[in-house]
Amino acid sequence: MDLKRITTAVVATMLFASSTVAFGQSSSGKKALEKMTCEEFVGLEDSFKPNAVSWAIAYGADGKPESAGVSVEGIQRIVPVVIEACQKAPKESFWQKVKGEFSKLRQKL
């Protein structure tokens, strides 16, 4: 198995686990990731932020998969960018901010 497949498998597993957490949170009165504001994202525990960004990249607003995900290195690159963008615009949609920043990053590559 090559490194790319292993990375994809790890990211897929992480996304599955984080989506379960996200949907579990929504049933307990907390907002689902697709409805989260940037302010709420910035307030998350730092250890959960990469999971939230991974999930937002891989899934559409309807909760259905949109992409195969991003490598761990890609997530490590985009999380600080999303945090900075969200700190500048705390009332904006976290979901839309991730999608926008991901598109910008993808165009640079």
# chains A, B, ... in the order shown; residues from 1 in each chain; ligands from 1
>>> select_by_dssp(residues="range 31-103 of chain A", states="strand (DSSP E or B)", output="PDB file with C-alpha atoms, in the first residue's frame")
ATOM      1  CA  THR A  37     -20.204  30.572  12.857  1.00  0.00           C
ATOM      2  CA  TYR A  59     -18.882  17.044   3.268  1.00  0.00           C
ATOM      3  CA  PRO A  65     -19.634  13.511   0.910  1.00  0.00           C
ATOM      4  CA  SER A  93     -20.365  31.051   8.350  1.00  0.00           C
TER       5      SER A  93
END
>>> residues_around(residues="range 94-98 of chain A", least_positions_apart="6", cutoff="8 Å", atoms="only C-alpha atoms", output="number ranges by chain")
A: 33-38, 41, 53, 56-57, 61, 82, 85-86
>>> write_last_selection(atoms="N, CA and C atoms", output="PDB file, in the first residue's frame")
ATOM      1  N   LEU A  33     -21.843  21.349  12.658  1.00  0.00           N
ATOM      2  CA  LEU A  33     -20.749  22.070  12.011  1.00  0.00           C
ATOM      3  C   LEU A  33     -21.211  22.912  10.832  1.00  0.00           C
ATOM      4  N   GLU A  34     -22.173  22.423  10.061  1.00  0.00           N
ATOM      5  CA  GLU A  34     -22.600  23.179   8.885  1.00  0.00           C
ATOM      6  C   GLU A  34     -23.351  24.465   9.230  1.00  0.00           C
ATOM      7  N   LYS A  35     -23.742  24.633  10.483  1.00  0.00           N
ATOM      8  CA  LYS A  35     -24.441  25.847  10.917  1.00  0.00           C
ATOM      9  C   LYS A  35     -23.589  26.718  11.839  1.00  0.00           C
ATOM     10  N   MET A  36     -22.365  26.318  12.054  1.00  0.00           N
ATOM     11  CA  MET A  36     -21.464  26.996  12.977  1.00  0.00           C
ATOM     12  C   MET A  36     -20.955  28.326  12.400  1.00  0.00           C
ATOM     13  N   THR A  37     -20.824  29.307  13.270  1.00  0.00           N
ATOM     14  CA  THR A  37     -20.204  30.572  12.857  1.00  0.00           C
ATOM     15  C   THR A  37     -18.700  30.479  13.081  1.00  0.00           C
ATOM     16  N   CYS A  38     -17.995  31.414  12.489  1.00  0.00           N
ATOM     17  CA  CYS A  38     -16.546  31.454  12.694  1.00  0.00           C
ATOM     18  C   CYS A  38     -16.213  31.669  14.171  1.00  0.00           C
ATOM     19  N   PHE A  41     -16.366  28.428  15.875  1.00  0.00           N
ATOM     20  CA  PHE A  41     -15.225  27.599  15.496  1.00  0.00           C
ATOM     21  C   PHE A  41     -13.976  28.006  16.265  1.00  0.00           C
ATOM     22  N   VAL A  53     -12.431  21.214  10.406  1.00  0.00           N
ATOM     23  CA  VAL A  53     -12.043  21.664   9.071  1.00  0.00           C
ATOM     24  C   VAL A  53     -12.077  20.496   8.091  1.00  0.00           C
ATOM     25  N   ALA A  56     -15.661  19.768   7.221  1.00  0.00           N
ATOM     26  CA  ALA A  56     -16.248  20.819   6.377  1.00  0.00           C
ATOM     27  C   ALA A  56     -15.747  20.726   4.937  1.00  0.00           C
ATOM     28  N   ILE A  57     -14.504  20.323   4.754  1.00  0.00           N
ATOM     29  CA  ILE A  57     -13.959  20.176   3.405  1.00  0.00           C
ATOM     30  C   ILE A  57     -14.587  18.977   2.699  1.00  0.00           C
ATOM     31  N   ALA A  61     -23.155  20.787   2.766  1.00  0.00           N
ATOM     32  CA  ALA A  61     -24.025  21.293   3.826  1.00  0.00           C
ATOM     33  C   ALA A  61     -25.137  20.301   4.168  1.00  0.00           C
ATOM     34  N   VAL A  82      -7.711  29.079   8.173  1.00  0.00           N
ATOM     35  CA  VAL A  82      -9.127  29.200   8.526  1.00  0.00           C
ATOM     36  C   VAL A  82      -9.279  29.912   9.871  1.00  0.00           C
ATOM     37  N   ALA A  85      -8.714  33.617   9.224  1.00  0.00           N
ATOM     38  CA  ALA A  85      -9.845  34.186   8.483  1.00  0.00           C
ATOM     39  C   ALA A  85     -11.073  34.312   9.378  1.00  0.00           C
ATOM     40  N   CYS A  86     -11.306  33.325  10.222  1.00  0.00           N
ATOM     41  CA  CYS A  86     -12.460  33.365  11.122  1.00  0.00           C
ATOM     42  C   CYS A  86     -12.300  34.424  12.216  1.00  0.00           C
TER      43      CYS A  86
END
>>> atom_distance(atom1="CA of Glu40 in chain A", atom2="CA of Pro90 in chain A")
8.0 Å
>>> closest_residue(among="A:Ile75, A:Ala89, A:Ile83, A:Ala32", to="Leu105 in chain A", atoms="only C-alpha atoms")
A:Ile75
>>> atom_distance(atom1="CA of Arg77 in chain A", atom2="CA of Asp62 in chain A")
25.5 Å
>>> atom_distance(atom1="CA of Glu66 in chain A", atom2="CA of Asp46 in chain A")
24.8 Å
>>> select_by_dssp(residues="range 21-93 of chain A", states="helix (DSSP H, G or I)", output="PyMOL selection string")
chain A and resi 21-27+33-35+38-42+49-58+72-88
>>> write_last_selection(atoms="N, CA and C atoms", output="CSV table (one decimal), in the first residue's frame")
chain,number,residue,atom,x,y,z
A,21,VAL,N,-19.1,12.7,15.9
A,21,VAL,CA,-19.1,13.7,17.0
A,21,VAL,C,-19.9,14.9,16.6
A,22,ALA,N,-19.8,15.4,15.4
A,22,ALA,CA,-20.5,16.6,15.0
A,22,ALA,C,-22.0,16.4,15.1
A,23,PHE,N,-22.5,15.3,14.5
A,23,PHE,CA,-23.9,15.0,14.6
A,23,PHE,C,-24.4,14.7,16.0
A,24,GLY,N,-23.6,14.1,16.8
A,24,GLY,CA,-23.9,13.8,18.1
A,24,GLY,C,-24.1,15.1,18.9
A,25,GLN,N,-23.3,16.1,18.6
A,25,GLN,CA,-23.4,17.4,19.3
A,25,GLN,C,-24.7,18.1,18.9
A,26,SER,N,-25.1,18.0,17.7
A,26,SER,CA,-26.3,18.7,17.2
A,26,SER,C,-27.5,18.2,17.9
A,27,SER,N,-27.6,16.9,18.3
A,27,SER,CA,-28.7,16.4,19.0
A,27,SER,C,-28.8,16.8,20.5
A,33,LEU,N,-21.8,21.3,12.7
A,33,LEU,CA,-20.7,22.1,12.0
A,33,LEU,C,-21.2,22.9,10.8
A,34,GLU,N,-22.2,22.4,10.1
A,34,GLU,CA,-22.6,23.2,8.9
A,34,GLU,C,-23.4,24.5,9.2
A,35,LYS,N,-23.7,24.6,10.5
A,35,LYS,CA,-24.4,25.8,10.9
A,35,LYS,C,-23.6,26.7,11.8
A,38,CYS,N,-18.0,31.4,12.5
A,38,CYS,CA,-16.5,31.5,12.7
A,38,CYS,C,-16.2,31.7,14.2
A,39,GLU,N,-17.0,32.5,14.8
A,39,GLU,CA,-16.8,32.7,16.3
A,39,GLU,C,-16.9,31.5,17.1
A,40,GLU,N,-17.8,30.6,16.7
A,40,GLU,CA,-18.0,29.3,17.4
A,40,GLU,C,-16.8,28.4,17.1
A,41,PHE,N,-16.4,28.4,15.9
A,41,PHE,CA,-15.2,27.6,15.5
A,41,PHE,C,-14.0,28.0,16.3
A,42,VAL,N,-13.7,29.3,16.3
A,42,VAL,CA,-12.5,29.8,17.0
A,42,VAL,C,-12.6,29.4,18.5
A,49,LYS,N,-10.2,21.4,16.2
A,49,LYS,CA,-10.3,22.3,15.0
A,49,LYS,C,-9.9,21.5,13.7
A,50,PRO,N,-8.8,20.7,13.7
A,50,PRO,CA,-8.5,20.0,12.5
A,50,PRO,C,-9.6,19.1,12.0
A,51,ASN,N,-10.3,18.4,13.0
A,51,ASN,CA,-11.4,17.5,12.6
A,51,ASN,C,-12.6,18.3,12.0
A,52,ALA,N,-12.9,19.5,12.6
A,52,ALA,CA,-14.0,20.3,12.1
A,52,ALA,C,-13.7,20.8,10.7
A,53,VAL,N,-12.4,21.2,10.4
A,53,VAL,CA,-12.0,21.7,9.1
A,53,VAL,C,-12.1,20.5,8.1
A,54,SER,N,-11.6,19.3,8.5
A,54,SER,CA,-11.6,18.2,7.6
A,54,SER,C,-13.0,17.8,7.2
A,55,TRP,N,-13.9,17.8,8.2
A,55,TRP,CA,-15.3,17.5,7.9
A,55,TRP,C,-15.9,18.5,7.0
A,56,ALA,N,-15.7,19.8,7.2
A,56,ALA,CA,-16.2,20.8,6.4
A,56,ALA,C,-15.7,20.7,4.9
A,57,ILE,N,-14.5,20.3,4.8
A,57,ILE,CA,-14.0,20.2,3.4
A,57,ILE,C,-14.6,19.0,2.7
A,58,ALA,N,-14.7,17.9,3.4
A,58,ALA,CA,-15.1,16.6,2.8
A,58,ALA,C,-16.6,16.5,2.6
A,72,VAL,N,-3.3,14.8,5.6
A,72,VAL,CA,-3.0,15.3,6.9
A,72,VAL,C,-2.2,16.6,6.8
A,73,GLU,N,-1.2,16.6,5.9
A,73,GLU,CA,-0.4,17.8,5.6
A,73,GLU,C,-1.2,18.9,5.1
A,74,GLY,N,-2.2,18.6,4.3
A,74,GLY,CA,-3.1,19.7,3.8
A,74,GLY,C,-3.9,20.3,4.9
A,75,ILE,N,-4.4,19.4,5.8
A,75,ILE,CA,-5.2,19.9,6.9
A,75,ILE,C,-4.3,20.8,7.8
A,76,GLN,N,-3.1,20.4,8.0
A,76,GLN,CA,-2.2,21.2,8.9
A,76,GLN,C,-1.9,22.5,8.2
A,77,ARG,N,-1.9,22.6,6.9
A,77,ARG,CA,-1.7,23.9,6.2
A,77,ARG,C,-2.9,24.8,6.3
A,78,ILE,N,-4.1,24.2,6.2
A,78,ILE,CA,-5.3,25.1,6.1
A,78,ILE,C,-5.9,25.5,7.4
A,79,VAL,N,-5.7,24.7,8.4
A,79,VAL,CA,-6.3,25.1,9.7
A,79,VAL,C,-5.9,26.4,10.2
A,80,PRO,N,-4.6,26.8,10.2
A,80,PRO,CA,-4.2,28.1,10.7
A,80,PRO,C,-4.8,29.2,9.8
A,81,VAL,N,-4.9,28.9,8.5
A,81,VAL,CA,-5.5,29.9,7.6
A,81,VAL,C,-7.0,30.2,7.9
A,82,VAL,N,-7.7,29.1,8.2
A,82,VAL,CA,-9.1,29.2,8.5
A,82,VAL,C,-9.3,29.9,9.9
A,83,ILE,N,-8.4,29.6,10.8
A,83,ILE,CA,-8.5,30.3,12.1
A,83,ILE,C,-8.3,31.8,12.0
A,84,GLU,N,-7.3,32.1,11.2
A,84,GLU,CA,-7.0,33.6,11.0
A,84,GLU,C,-8.2,34.3,10.3
A,85,ALA,N,-8.7,33.6,9.2
A,85,ALA,CA,-9.8,34.2,8.5
A,85,ALA,C,-11.1,34.3,9.4
A,86,CYS,N,-11.3,33.3,10.2
A,86,CYS,CA,-12.5,33.4,11.1
A,86,CYS,C,-12.3,34.4,12.2
A,87,GLN,N,-11.1,34.7,12.7
A,87,GLN,CA,-10.9,35.7,13.7
A,87,GLN,C,-11.1,37.1,13.1
A,88,LYS,N,-10.9,37.2,11.8
A,88,LYS,CA,-11.2,38.5,11.1
A,88,LYS,C,-12.7,38.7,10.8
